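Dropping entry-v8.tsv in here (TSV, C-alpha atoms):
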```tsv
chain	number	residue	atom	x	y	z
A	4	MET	CA	96.32	89.37	76.32
A	5	SER	CA	92.92	90.97	76.31
A	6	ARG	CA	89.22	90.26	76.58
A	7	ASP	CA	89.07	89.44	72.82
A	8	THR	CA	91.63	86.66	73.06
A	9	ALA	CA	90.86	85.30	76.55
A	10	LEU	CA	87.06	85.32	76.81
A	11	VAL	CA	84.02	84.20	74.81
A	12	SER	CA	80.40	85.12	75.46
A	13	ALA	CA	77.54	82.67	75.99
A	14	GLU	CA	76.09	83.80	72.62
A	15	TRP	CA	79.36	82.98	70.86
A	16	ALA	CA	79.55	79.62	72.62
A	17	GLU	CA	76.02	78.63	71.64
A	18	LYS	CA	76.71	79.55	67.99
A	19	ASN	CA	80.03	77.69	67.93
A	20	ILE	CA	79.03	74.67	69.95
A	21	ASP	CA	79.75	72.29	67.00
A	22	ALA	CA	82.54	74.32	65.39
A	23	PRO	CA	85.46	72.16	64.23
A	24	GLY	CA	88.62	72.61	66.27
A	25	VAL	CA	86.72	74.01	69.27
A	26	VAL	CA	86.54	71.85	72.41
A	27	PHE	CA	84.33	72.82	75.34
A	28	VAL	CA	85.59	71.60	78.71
A	29	GLU	CA	83.62	71.76	81.96
A	30	VAL	CA	85.83	71.98	85.06
A	31	ASP	CA	84.55	71.55	88.58
A	32	GLU	CA	85.56	70.21	91.95
A	33	ASP	CA	82.21	68.46	92.22
A	34	THR	CA	81.42	67.16	88.74
A	35	SER	CA	77.88	66.00	89.59
A	36	ALA	CA	76.58	69.16	87.85
A	37	TYR	CA	78.13	67.95	84.58
A	38	ASP	CA	76.32	64.64	84.88
A	39	THR	CA	72.93	66.34	85.27
A	40	GLY	CA	73.52	68.48	82.17
A	41	HIS	CA	76.42	70.04	80.25
A	42	LEU	CA	77.08	71.98	77.06
A	43	ALA	CA	76.62	69.73	74.03
A	44	GLY	CA	79.89	67.97	73.21
A	45	ALA	CA	81.69	69.25	76.32
A	46	VAL	CA	84.14	66.92	78.07
A	47	LYS	CA	84.67	67.14	81.84
A	48	LEU	CA	87.70	67.65	84.00
A	49	ASP	CA	87.47	66.90	87.70
A	50	TRP	CA	89.60	69.45	89.54
A	51	LYS	CA	90.44	67.03	92.33
A	52	THR	CA	90.87	63.64	90.65
A	53	ASP	CA	92.14	64.81	87.23
A	54	LEU	CA	94.16	67.92	88.02
A	55	GLN	CA	95.75	67.17	91.43
A	56	ASP	CA	98.55	64.71	92.09
A	57	PRO	CA	96.97	61.80	94.00
A	58	VAL	CA	99.77	61.62	96.60
A	59	ARG	CA	101.83	64.79	96.95
A	60	ARG	CA	100.23	68.19	97.54
A	61	ASP	CA	100.82	69.51	94.03
A	62	PHE	CA	99.03	69.58	90.73
A	63	VAL	CA	99.60	67.15	87.85
A	64	ASN	CA	103.05	67.22	86.26
A	65	LYS	CA	103.79	67.58	82.53
A	66	SER	CA	103.45	63.90	81.66
A	67	GLN	CA	100.26	63.52	83.76
A	68	PHE	CA	98.79	66.58	81.99
A	69	GLU	CA	99.74	65.12	78.59
A	70	ALA	CA	98.13	61.77	79.45
A	71	LEU	CA	94.96	63.47	80.70
A	72	LEU	CA	94.46	65.69	77.66
A	73	SER	CA	95.28	62.86	75.24
A	74	GLU	CA	92.73	60.62	76.94
A	75	ARG	CA	90.02	63.33	76.85
A	76	GLY	CA	90.67	63.93	73.15
A	77	ILE	CA	92.08	67.45	73.37
A	78	GLY	CA	94.72	68.27	70.75
A	79	ASN	CA	97.51	70.84	70.77
A	80	ASP	CA	95.84	72.82	67.99
A	81	ASP	CA	92.34	72.84	69.49
A	82	THR	CA	90.72	76.01	70.76
A	83	VAL	CA	89.79	75.07	74.33
A	84	ILE	CA	86.80	76.84	75.91
A	85	LEU	CA	86.70	76.30	79.68
A	86	TYR	CA	83.66	76.82	81.86
A	87	GLY	CA	82.30	75.61	85.19
A	88	GLY	CA	80.33	76.32	88.34
A	89	ASN	CA	81.40	78.43	91.33
A	90	ASN	CA	81.63	81.51	89.08
A	91	ASN	CA	84.29	79.80	86.92
A	92	TRP	CA	86.78	79.45	89.81
A	93	PHE	CA	87.89	75.95	88.83
A	94	ALA	CA	87.67	76.79	85.12
A	95	ALA	CA	89.99	79.75	85.77
A	96	TYR	CA	92.32	77.41	87.69
A	97	ALA	CA	92.33	75.04	84.70
A	98	TYR	CA	92.93	78.00	82.37
A	99	TRP	CA	96.03	78.80	84.43
A	100	TYR	CA	97.22	75.15	84.07
A	101	PHE	CA	96.65	75.22	80.31
A	102	LYS	CA	98.76	78.41	80.14
A	103	LEU	CA	101.37	76.95	82.50
A	104	TYR	CA	101.77	73.94	80.18
A	105	GLY	CA	101.84	76.17	77.09
A	106	HIS	CA	98.48	75.51	75.39
A	107	ARG	CA	98.24	78.01	72.52
A	108	ASP	CA	94.54	78.78	72.36
A	109	VAL	CA	92.48	78.63	75.55
A	110	LYS	CA	89.59	80.87	76.62
A	111	LEU	CA	87.03	81.14	79.40
A	112	LEU	CA	83.27	81.16	78.80
A	113	ASP	CA	82.14	84.44	80.39
A	114	GLY	CA	79.72	83.71	83.24
A	115	GLY	CA	80.35	79.94	83.19
A	116	ARG	CA	77.54	77.57	84.12
A	117	LYS	CA	75.64	80.22	86.09
A	118	LYS	CA	75.08	82.66	83.22
A	119	TRP	CA	74.31	79.73	80.90
A	120	GLU	CA	71.70	78.32	83.32
A	121	LEU	CA	70.15	81.70	84.17
A	122	ASP	CA	69.82	82.37	80.42
A	123	ALA	CA	68.07	78.96	80.13
A	124	ARG	CA	70.45	77.88	77.34
A	125	PRO	CA	70.42	74.17	76.40
A	126	LEU	CA	72.19	71.52	78.49
A	127	VAL	CA	72.41	67.84	77.51
A	128	THR	CA	73.20	64.61	79.35
A	129	ASP	CA	74.79	62.71	76.43
A	130	GLN	CA	77.97	60.74	77.05
A	131	VAL	CA	80.83	62.52	75.30
A	132	GLN	CA	83.73	60.49	73.90
A	133	ARG	CA	86.31	62.28	71.76
A	134	PRO	CA	88.94	60.36	69.78
A	135	ARG	CA	92.24	60.03	71.62
A	136	THR	CA	95.04	62.48	70.80
A	137	GLU	CA	98.78	62.59	71.41
A	138	TYR	CA	99.00	65.79	73.44
A	139	VAL	CA	102.44	67.32	73.96
A	140	ALA	CA	102.78	69.87	76.79
A	141	GLN	CA	105.51	72.48	77.18
A	142	GLU	CA	107.74	72.70	80.25
A	143	PRO	CA	105.81	74.47	83.05
A	144	ASP	CA	105.97	78.26	82.81
A	145	SER	CA	107.18	79.23	86.28
A	146	SER	CA	106.63	82.94	85.53
A	147	ILE	CA	102.96	82.58	86.51
A	148	ARG	CA	103.31	80.41	89.63
A	149	ALA	CA	104.50	81.65	93.04
A	150	PHE	CA	105.86	79.46	95.85
A	151	ARG	CA	105.85	80.23	99.57
A	152	ASP	CA	109.38	81.67	99.90
A	153	GLU	CA	108.61	84.11	97.13
A	154	VAL	CA	105.48	85.22	98.98
A	155	VAL	CA	107.40	85.81	102.22
A	156	ALA	CA	110.01	87.79	100.25
A	157	ALA	CA	107.27	89.85	98.59
A	158	ILE	CA	106.02	91.28	101.91
A	159	GLY	CA	106.41	95.06	101.69
A	160	THR	CA	108.00	94.92	98.21
A	161	LYS	CA	105.61	93.42	95.61
A	162	ASN	CA	101.85	93.70	95.23
A	163	LEU	CA	100.21	90.97	97.29
A	164	VAL	CA	96.51	90.60	96.55
A	165	ASP	CA	94.34	88.62	98.95
A	166	VAL	CA	91.18	87.73	97.01
A	167	ARG	CA	89.25	85.96	99.81
A	168	SER	CA	86.19	87.53	101.42
A	169	PRO	CA	86.79	90.47	103.82
A	170	ASP	CA	86.03	88.25	106.84
A	171	GLU	CA	88.60	85.64	105.78
A	172	TYR	CA	91.15	88.43	105.18
A	173	ALA	CA	90.57	89.93	108.61
A	174	GLY	CA	90.75	86.53	110.31
A	175	ARG	CA	87.10	86.40	111.38
A	176	LEU	CA	86.42	83.38	109.14
A	177	LEU	CA	88.83	80.58	108.18
A	178	ALA	CA	87.08	79.33	105.05
A	179	PRO	CA	84.46	80.52	102.59
A	180	ALA	CA	81.08	80.64	104.32
A	181	HIS	CA	79.64	77.63	102.50
A	182	LEU	CA	82.15	75.41	104.33
A	183	PRO	CA	82.48	74.50	108.03
A	184	GLN	CA	84.96	76.77	109.80
A	185	GLU	CA	87.17	74.30	111.68
A	186	GLN	CA	90.53	74.41	109.91
A	187	ALA	CA	94.12	73.61	110.84
A	188	GLN	CA	95.73	76.87	109.80
A	189	ARG	CA	95.93	80.22	111.62
A	190	ALA	CA	93.55	83.02	110.60
A	191	GLY	CA	94.58	86.31	108.99
A	192	HIS	CA	96.49	87.48	105.92
A	193	VAL	CA	100.01	88.01	104.60
A	194	PRO	CA	101.19	91.38	105.98
A	195	THR	CA	101.00	94.22	103.40
A	196	ALA	CA	98.57	92.25	101.19
A	197	ILE	CA	95.69	94.36	99.92
A	198	SER	CA	92.17	92.95	100.12
A	199	VAL	CA	90.38	92.75	96.77
A	200	PRO	CA	87.81	89.93	96.97
A	201	TRP	CA	87.64	88.00	93.67
A	202	SER	CA	83.91	88.76	93.61
A	203	LYS	CA	84.56	92.48	93.00
A	204	ALA	CA	85.67	91.51	89.49
A	205	ALA	CA	82.44	89.68	88.65
A	206	ASN	CA	78.85	90.69	88.07
A	207	GLU	CA	76.05	88.90	89.90
A	208	ASP	CA	75.52	86.55	86.92
A	209	GLY	CA	79.17	85.48	87.01
A	210	THR	CA	80.35	87.50	83.97
A	211	PHE	CA	83.42	89.71	84.31
A	212	LYS	CA	82.97	93.45	84.81
A	213	SER	CA	84.11	95.81	82.04
A	214	ASP	CA	87.82	96.60	81.63
A	215	ASP	CA	87.24	100.17	82.85
A	216	GLU	CA	85.46	98.98	85.99
A	217	LEU	CA	88.18	96.37	86.62
A	218	ARG	CA	91.00	98.91	86.20
A	219	ARG	CA	89.27	101.22	88.69
A	220	ILE	CA	88.74	98.46	91.29
A	221	TYR	CA	92.44	97.52	91.47
A	222	ALA	CA	93.67	101.13	91.25
A	223	ASP	CA	91.35	102.17	94.11
A	224	ALA	CA	92.59	99.24	96.19
A	225	GLY	CA	96.17	100.49	95.79
A	226	LEU	CA	97.60	98.00	93.28
A	227	ASP	CA	100.84	99.49	91.91
A	228	ASP	CA	101.04	98.80	88.13
A	229	GLY	CA	104.80	99.19	88.17
A	230	LYS	CA	105.36	96.24	90.51
A	231	GLU	CA	105.10	92.48	90.20
A	232	THR	CA	101.96	90.96	91.67
A	233	ILE	CA	101.16	87.75	93.56
A	234	ALA	CA	97.51	86.76	94.08
A	235	TYR	CA	96.40	84.21	96.67
A	236	CYS	CA	93.24	82.88	98.32
A	237	ARG	CA	92.69	79.72	100.40
A	238	ILE	CA	93.68	76.99	97.91
A	239	GLY	CA	94.48	78.93	94.73
A	240	GLU	CA	91.33	78.73	92.62
A	241	ARG	CA	89.67	82.03	93.54
A	242	SER	CA	93.08	83.65	93.01
A	243	SER	CA	93.26	82.05	89.54
A	244	HIS	CA	90.12	84.07	88.79
A	245	THR	CA	91.93	87.27	89.83
A	246	TRP	CA	95.15	86.21	88.08
A	247	PHE	CA	93.02	85.82	84.93
A	248	VAL	CA	91.57	89.33	85.36
A	249	LEU	CA	94.93	91.02	85.95
A	250	GLN	CA	97.09	89.23	83.40
A	251	GLU	CA	94.67	87.96	80.75
A	252	LEU	CA	92.00	90.69	80.68
A	253	LEU	CA	93.90	93.80	81.82
A	254	GLY	CA	97.25	92.76	80.34
A	255	HIS	CA	99.36	93.30	83.49
A	256	ARG	CA	102.78	91.63	83.34
A	257	ASP	CA	104.49	89.54	85.98
A	258	VAL	CA	101.37	88.36	87.76
A	259	LYS	CA	101.70	85.08	89.65
A	260	ASN	CA	99.17	82.83	91.30
A	261	TYR	CA	100.24	81.43	94.69
A	262	ASP	CA	98.37	78.11	94.59
A	263	GLY	CA	99.64	77.06	98.04
A	264	SER	CA	97.63	80.03	99.28
A	265	TRP	CA	96.33	80.40	102.82
A	266	THR	CA	96.08	76.69	103.62
A	267	GLU	CA	99.88	76.60	103.18
A	268	TYR	CA	100.85	80.07	104.40
A	269	GLY	CA	98.58	79.93	107.47
A	270	SER	CA	100.23	76.64	108.49
A	271	LEU	CA	103.86	77.78	108.13
A	272	VAL	CA	105.89	78.07	111.32
A	273	GLY	CA	107.49	81.44	111.97
A	274	VAL	CA	106.06	83.57	109.15
A	275	PRO	CA	104.42	86.93	109.92
A	276	VAL	CA	100.61	87.12	109.90
A	277	ALA	CA	98.42	90.25	110.03
A	278	LEU	CA	94.96	90.31	111.62
A	279	GLY	CA	92.16	92.80	111.01
A	280	ASP	CA	90.95	94.84	108.07
A	281	GLU	CA	94.22	96.74	107.40
A	282	PRO	CA	97.16	95.37	105.34
A	283	GLY	CA	99.55	95.76	108.28
A	284	GLU	CA	103.30	96.51	108.39
A	285	ALA	CA	106.14	94.70	106.65
B	4	MET	CA	85.43	61.17	102.47
B	5	THR	CA	84.78	62.62	105.93
B	6	ALA	CA	83.70	66.22	106.57
B	7	PRO	CA	83.45	68.50	103.52
B	8	THR	CA	86.61	70.30	104.57
B	9	ALA	CA	88.81	68.60	101.97
B	10	ALA	CA	91.27	70.62	99.90
B	11	GLY	CA	88.65	72.13	97.63
B	12	CYS	CA	86.49	75.21	97.91
B	13	ALA	CA	83.40	73.94	96.08
B	14	ALA	CA	80.16	73.82	98.06
B	15	PRO	CA	79.13	70.44	99.47
B	16	ASP	CA	75.80	68.80	98.63
B	17	GLN	CA	73.19	71.25	99.95
B	18	ALA	CA	70.74	68.48	100.88
B	19	ALA	CA	73.24	66.31	102.77
B	20	PRO	CA	72.81	65.98	106.56
B	21	LEU	CA	75.11	68.21	108.63
B	22	PRO	CA	78.39	66.36	109.28
B	23	ALA	CA	78.38	64.61	112.68
B	24	SER	CA	81.71	66.28	113.51
B	25	LEU	CA	80.13	69.73	113.27
B	26	ASP	CA	80.07	71.63	116.57
B	27	LEU	CA	76.87	73.70	116.67
B	28	GLU	CA	78.10	75.49	119.80
B	29	LYS	CA	80.74	77.03	117.53
B	30	GLU	CA	79.24	77.07	114.03
B	31	THR	CA	76.68	79.58	112.79
B	32	VAL	CA	74.64	77.72	110.20
B	33	ILE	CA	72.30	79.73	107.95
B	34	THR	CA	70.02	77.35	106.11
B	35	GLY	CA	66.62	77.27	104.44
B	36	LEU	CA	64.66	77.18	101.22
B	37	VAL	CA	64.28	79.26	98.09
B	38	ARG	CA	60.62	79.52	97.10
B	39	ALA	CA	58.80	81.03	94.13
B	40	GLU	CA	55.84	83.35	94.79
B	41	SER	CA	53.56	80.35	94.27
B	42	GLY	CA	55.22	78.73	97.30
B	43	GLU	CA	56.94	76.08	95.17
B	44	SER	CA	60.56	75.41	96.12
B	45	VAL	CA	63.17	76.41	93.53
B	46	PRO	CA	65.97	73.93	92.75
B	47	GLY	CA	69.11	75.17	90.99
B	48	ALA	CA	68.82	78.74	92.33
B	49	TYR	CA	72.06	80.59	93.02
B	50	VAL	CA	72.04	81.83	96.64
B	51	ARG	CA	74.60	84.47	97.61
B	52	LEU	CA	75.51	85.32	101.21
B	53	LEU	CA	76.33	89.05	101.50
B	54	ASP	CA	77.96	90.54	104.60
B	55	SER	CA	76.70	93.56	106.56
B	56	THR	CA	78.32	95.93	104.01
B	57	GLY	CA	76.68	94.11	101.08
B	58	GLU	CA	79.98	92.45	100.07
B	59	PHE	CA	79.80	88.96	98.57
B	60	THR	CA	80.88	86.22	101.01
B	61	ALA	CA	79.77	82.92	99.48
B	62	GLU	CA	77.44	81.33	96.96
B	63	VAL	CA	75.77	77.92	96.70
B	64	VAL	CA	73.28	76.31	94.32
B	65	THR	CA	70.04	74.98	95.86
B	66	SER	CA	69.40	71.23	96.03
B	67	PRO	CA	66.61	69.50	94.04
B	68	ALA	CA	64.32	70.40	97.00
B	69	GLY	CA	65.40	74.07	96.95
B	70	GLN	CA	67.63	73.89	100.06
B	71	PHE	CA	70.77	75.92	100.78
B	72	ARG	CA	73.23	76.10	103.69
B	73	PHE	CA	76.01	78.46	104.80
B	74	PHE	CA	78.53	78.32	107.65
B	75	ALA	CA	78.93	81.94	108.73
B	76	ALA	CA	79.49	83.86	111.95
B	77	PRO	CA	77.01	85.60	114.27
B	78	GLY	CA	75.85	88.95	112.85
B	79	SER	CA	73.81	90.60	110.08
B	80	TRP	CA	73.76	89.02	106.67
B	81	THR	CA	71.72	89.26	103.47
B	82	LEU	CA	70.73	86.27	101.37
B	83	ARG	CA	70.23	87.01	97.69
B	84	ALA	CA	68.81	84.37	95.36
B	85	LEU	CA	69.06	84.41	91.54
B	86	SER	CA	66.98	82.02	89.47
B	87	ARG	CA	65.19	81.59	86.16
B	88	HIS	CA	62.00	82.47	88.09
B	89	GLY	CA	63.44	85.79	89.22
B	90	ASN	CA	65.49	87.11	92.12
B	91	GLY	CA	64.90	87.95	95.78
B	92	ASP	CA	66.62	89.18	98.97
B	93	THR	CA	66.12	88.37	102.66
B	94	ALA	CA	67.96	89.96	105.60
B	95	VAL	CA	68.96	87.69	108.50
B	96	THR	CA	70.47	88.28	111.94
B	97	ALA	CA	72.28	85.06	112.73
B	98	ASP	CA	73.32	83.54	116.07
B	99	ARG	CA	75.38	80.44	116.80
B	100	GLY	CA	73.55	77.23	115.99
B	101	ILE	CA	71.05	76.76	113.18
B	102	ASN	CA	69.31	79.80	111.65
B	103	GLU	CA	66.44	78.96	109.28
B	104	VAL	CA	65.50	81.40	106.51
B	105	THR	CA	63.22	81.36	103.47
B	106	VAL	CA	64.08	83.45	100.41
B	107	THR	CA	61.23	84.20	98.02
B	108	VAL	CA	62.03	85.00	94.40
B	109	ASN	CA	59.82	86.78	91.91
B	110	ALA	CA	60.25	88.11	88.41
```
Kindly transcribe the structure held in the file into structure tokens.
Amino acid sequence: MSRDTALVSAEWAEKNIDAPGVVFVEVDEDTSAYDTGHLAGAVKLDWKTDLQDPVRRDFVNKSQFEALLSERGIGNDDTVILYGGNNNWFAAYAYWYFKLYGHRDVKLLDGGRKKWELDARPLVTDQVQRPRTEYVAQEPDSSIRAFRDEVVAAIGTKNLVDVRSPDEYAGRLLAPAHLPQEQAQRAGHVPTAISVPWSKAANEDGTFKSDDELRRIYADAGLDDGKETIAYCRIGERSSHTWFVLQELLGHRDVKNYDGSWTEYGSLVGVPVALGDEPGEA
Amino acid sequence: MTAPTAAGCAAPDQAAPLPASLDLEKETVITGLVRAESGESVPGAYVRLLDSTGEFTAEVVTSPAGQFRFFAAPGSWTLRALSRHGNGDTAVTADRGINEVTVTVNA
């Protein structure tokens, strides 16, 4: 994978907004932004109500994913261009789902809603209804998803990348600073995890930094190219952004996203936790 | 839906009242308005909270009235706003409770 296959620019998107076989999909946790204006022809996915199982703590299974995409009019052969707010966090999470369920051609819009809005590109409020499809998903690709036992086993052996803000990593904050701080889980990070906030990979306007800059950021932080990598954050969407950078832009192999992330790990009984700005001992 | 502490990480409505469950003895709220040079408030601006080393901590989009709100910790922070009307920075030293700040943007 590389930038050419995984990413499109806002210019490209504006030129190809009506292109046959291209479907724009806006993904957000709070979809009210979509309702006030979206890319022409774009359908929406609600991260919470469309992409999470309504009962268990897990995301939608294969048949739920098939039903969702069929209903939204997305076909197996479509080129899917994902974008959203929050610097594409939820769009990157959806990208990871599309890959997990084997969609052939999926890309992120570089800069997401933010770049698009700051550029003053057109947004519309039209209702979008695409004809129904019969979407067929592949079995989930477990090579890109990490579960908690794997994370505990990775302490001191694999690359663990904590992509939350430095204060969340150190245990001084329990959630991103736009949310209230009272949370059930313990503060801190997985011992031996390096701290590379997701935001290091993005420019101020939400676009990704150049490949050279990205390579330097992870090398300087001590990421060992020769080892498998697990990225995590609080709930798995900021770490999807970093998973996207490492595997889809830089072409690293064996990168997994731990979507249970700190809300799961920080609530586990008996697992080791490190506090402070240093990775800590295994 | 109770407090905006549900599973997600997206920012809550920036104009909504503070949740009743919020303990202002414990929380450090940094809140205020983004204004253009003309004094007009700027809706839809992207406001970034940077820590004392300049590292990104969080980002929200201002409400239709130009409001933003962060839940941080006591200490030195920088607010940086990006908008179609231009950008601007304001430094803030925050304490527990509510800290009100205005960020002015210009081209």
For chain A against chain B, which residues fall within 6 Å using all atoms listed in the file, given as a count of residues only?
7
Restricting the calculation to only C-alpha atoms, which member of A:Glu17, A:Asp81, A:Asp129, A:Asp165 is positioned closest to A:Glu281?
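Checking each candidate against A:Glu281, we get A:Asp165 as the closest.
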Just the residues within 6 Å of stretch 40-53 of chain A, please, counting all atoms listed in the file, with nothing from its chain fewer than 6 positions along; format it as a count of residues only.
10
Please, what is the axis-aligned box for every listed atom of stretch 54-73 of chain A with 8 Å on each side, as centre and edge lengths in Å to one decimal, as AutoDock Vina command-line options?
```
--center_x 99.0 --center_y 65.6 --center_z 86.4 --size_x 25.6 --size_y 24.0 --size_z 38.3
```
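Between A:Gly279 and the residues A:Asp170, A:Leu249, A:Ala205, A:Ile238, the shortest atom-to-atom distance, using all atoms listed in the file, involves A:Asp170.
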Starting from the point (91.5, 89.6, 99.8), work out which residues of protein, DNA or RNA have an atom no more than 7 Å away when counting only C-alpha atoms; state them as a compact mmCIF listing (two decimals) with C-alpha atoms, in the frame of the given file.
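Produced file out_39.txt, reproduced below:
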```
# COMPACT_ATOMS: atom_id res chain seq x y z
CA VAL A 164 96.51 90.60 96.55
CA ASP A 165 94.34 88.62 98.95
CA VAL A 166 91.18 87.73 97.01
CA ARG A 167 89.25 85.96 99.81
CA SER A 168 86.19 87.53 101.42
CA PRO A 169 86.79 90.47 103.82
CA TYR A 172 91.15 88.43 105.18
CA ILE A 197 95.69 94.36 99.92
CA SER A 198 92.17 92.95 100.12
CA VAL A 199 90.38 92.75 96.77
CA PRO A 200 87.81 89.93 96.97
```
Using atom CA of A:Ala204 and atom CA of A:Leu111 as the two end points, give the distance in Å to one decimal.
14.5 Å
Please determine, counting all atoms listed in the file, which residue among A:Tyr261, A:Tyr235, A:Tyr221, A:Trp15 has the shortest atom-to-atom distance to A:Asp113.
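Answer, going by the shortest atom-to-atom distance: A:Trp15.
In this model, the gap between atom CA of B:Asn90 and atom CA of A:Pro179 comes to 22.6 Å.
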Only N, CA and C atoms, please: stretch 248-266 of chain A from the block, as an mmCIF file, in the first residue's frame.
```cif
data_model
loop_
_atom_site.group_PDB
_atom_site.id
_atom_site.type_symbol
_atom_site.label_atom_id
_atom_site.label_comp_id
_atom_site.auth_asym_id
_atom_site.auth_seq_id
_atom_site.Cartn_x
_atom_site.Cartn_y
_atom_site.Cartn_z
ATOM 1 N N VAL A 248 -1.585 5.219 8.765
ATOM 2 C CA VAL A 248 -0.281 5.800 8.399
ATOM 3 C C VAL A 248 0.767 4.701 8.254
ATOM 4 N N LEU A 249 0.852 3.812 9.262
ATOM 5 C CA LEU A 249 1.927 2.820 9.265
ATOM 6 C C LEU A 249 1.742 1.771 8.167
ATOM 7 N N GLN A 250 0.538 1.226 8.057
ATOM 8 C CA GLN A 250 0.346 0.119 7.116
ATOM 9 C C GLN A 250 -0.012 0.600 5.716
ATOM 10 N N GLU A 251 -0.880 1.605 5.608
ATOM 11 C CA GLU A 251 -1.410 1.976 4.297
ATOM 12 C C GLU A 251 -0.549 3.042 3.594
ATOM 13 N N LEU A 252 0.039 3.966 4.364
ATOM 14 C CA LEU A 252 0.887 4.981 3.723
ATOM 15 C C LEU A 252 2.347 4.546 3.684
ATOM 16 N N LEU A 253 2.870 4.056 4.799
ATOM 17 C CA LEU A 253 4.300 3.711 4.855
ATOM 18 C C LEU A 253 4.571 2.256 4.468
ATOM 19 N N GLY A 254 3.529 1.448 4.332
ATOM 20 C CA GLY A 254 3.702 0.079 3.853
ATOM 21 C C GLY A 254 4.318 -0.873 4.864
ATOM 22 N N HIS A 255 4.236 -0.536 6.189
ATOM 23 C CA HIS A 255 4.712 -1.513 7.190
ATOM 24 C C HIS A 255 3.827 -2.749 7.131
ATOM 25 N N ARG A 256 4.388 -3.903 7.504
ATOM 26 C CA ARG A 256 3.575 -5.123 7.557
ATOM 27 C C ARG A 256 3.259 -5.446 9.002
ATOM 28 N N ASP A 257 2.239 -6.275 9.185
ATOM 29 C CA ASP A 257 1.904 -6.768 10.524
ATOM 30 C C ASP A 257 1.631 -5.639 11.507
ATOM 31 N N VAL A 258 0.798 -4.708 11.095
ATOM 32 C CA VAL A 258 0.359 -3.648 12.003
ATOM 33 C C VAL A 258 -1.085 -3.950 12.389
ATOM 34 N N LYS A 259 -1.367 -3.942 13.679
ATOM 35 C CA LYS A 259 -2.728 -4.207 14.146
ATOM 36 C C LYS A 259 -3.260 -3.015 14.915
ATOM 37 N N ASN A 260 -4.568 -2.829 14.827
ATOM 38 C CA ASN A 260 -5.244 -1.832 15.638
ATOM 39 C C ASN A 260 -5.905 -2.557 16.816
ATOM 40 N N TYR A 261 -5.640 -2.087 18.025
ATOM 41 C CA TYR A 261 -6.290 -2.649 19.217
ATOM 42 C C TYR A 261 -7.493 -1.772 19.516
ATOM 43 N N ASP A 262 -8.673 -2.186 19.023
ATOM 44 C CA ASP A 262 -9.851 -1.308 19.132
ATOM 45 C C ASP A 262 -10.444 -1.315 20.547
ATOM 46 N N GLY A 263 -10.108 -2.310 21.367
ATOM 47 C CA GLY A 263 -10.516 -2.267 22.778
ATOM 48 C C GLY A 263 -9.852 -1.085 23.477
ATOM 49 N N SER A 264 -8.597 -0.876 23.136
ATOM 50 C CA SER A 264 -7.816 0.288 23.557
ATOM 51 C C SER A 264 -7.910 0.573 25.060
ATOM 52 N N TRP A 265 -7.634 1.819 25.453
ATOM 53 C CA TRP A 265 -7.461 2.069 26.887
ATOM 54 C C TRP A 265 -8.735 1.894 27.697
ATOM 55 N N THR A 266 -9.910 2.088 27.108
ATOM 56 C CA THR A 266 -11.128 1.885 27.910
ATOM 57 C C THR A 266 -11.252 0.414 28.316
#
```
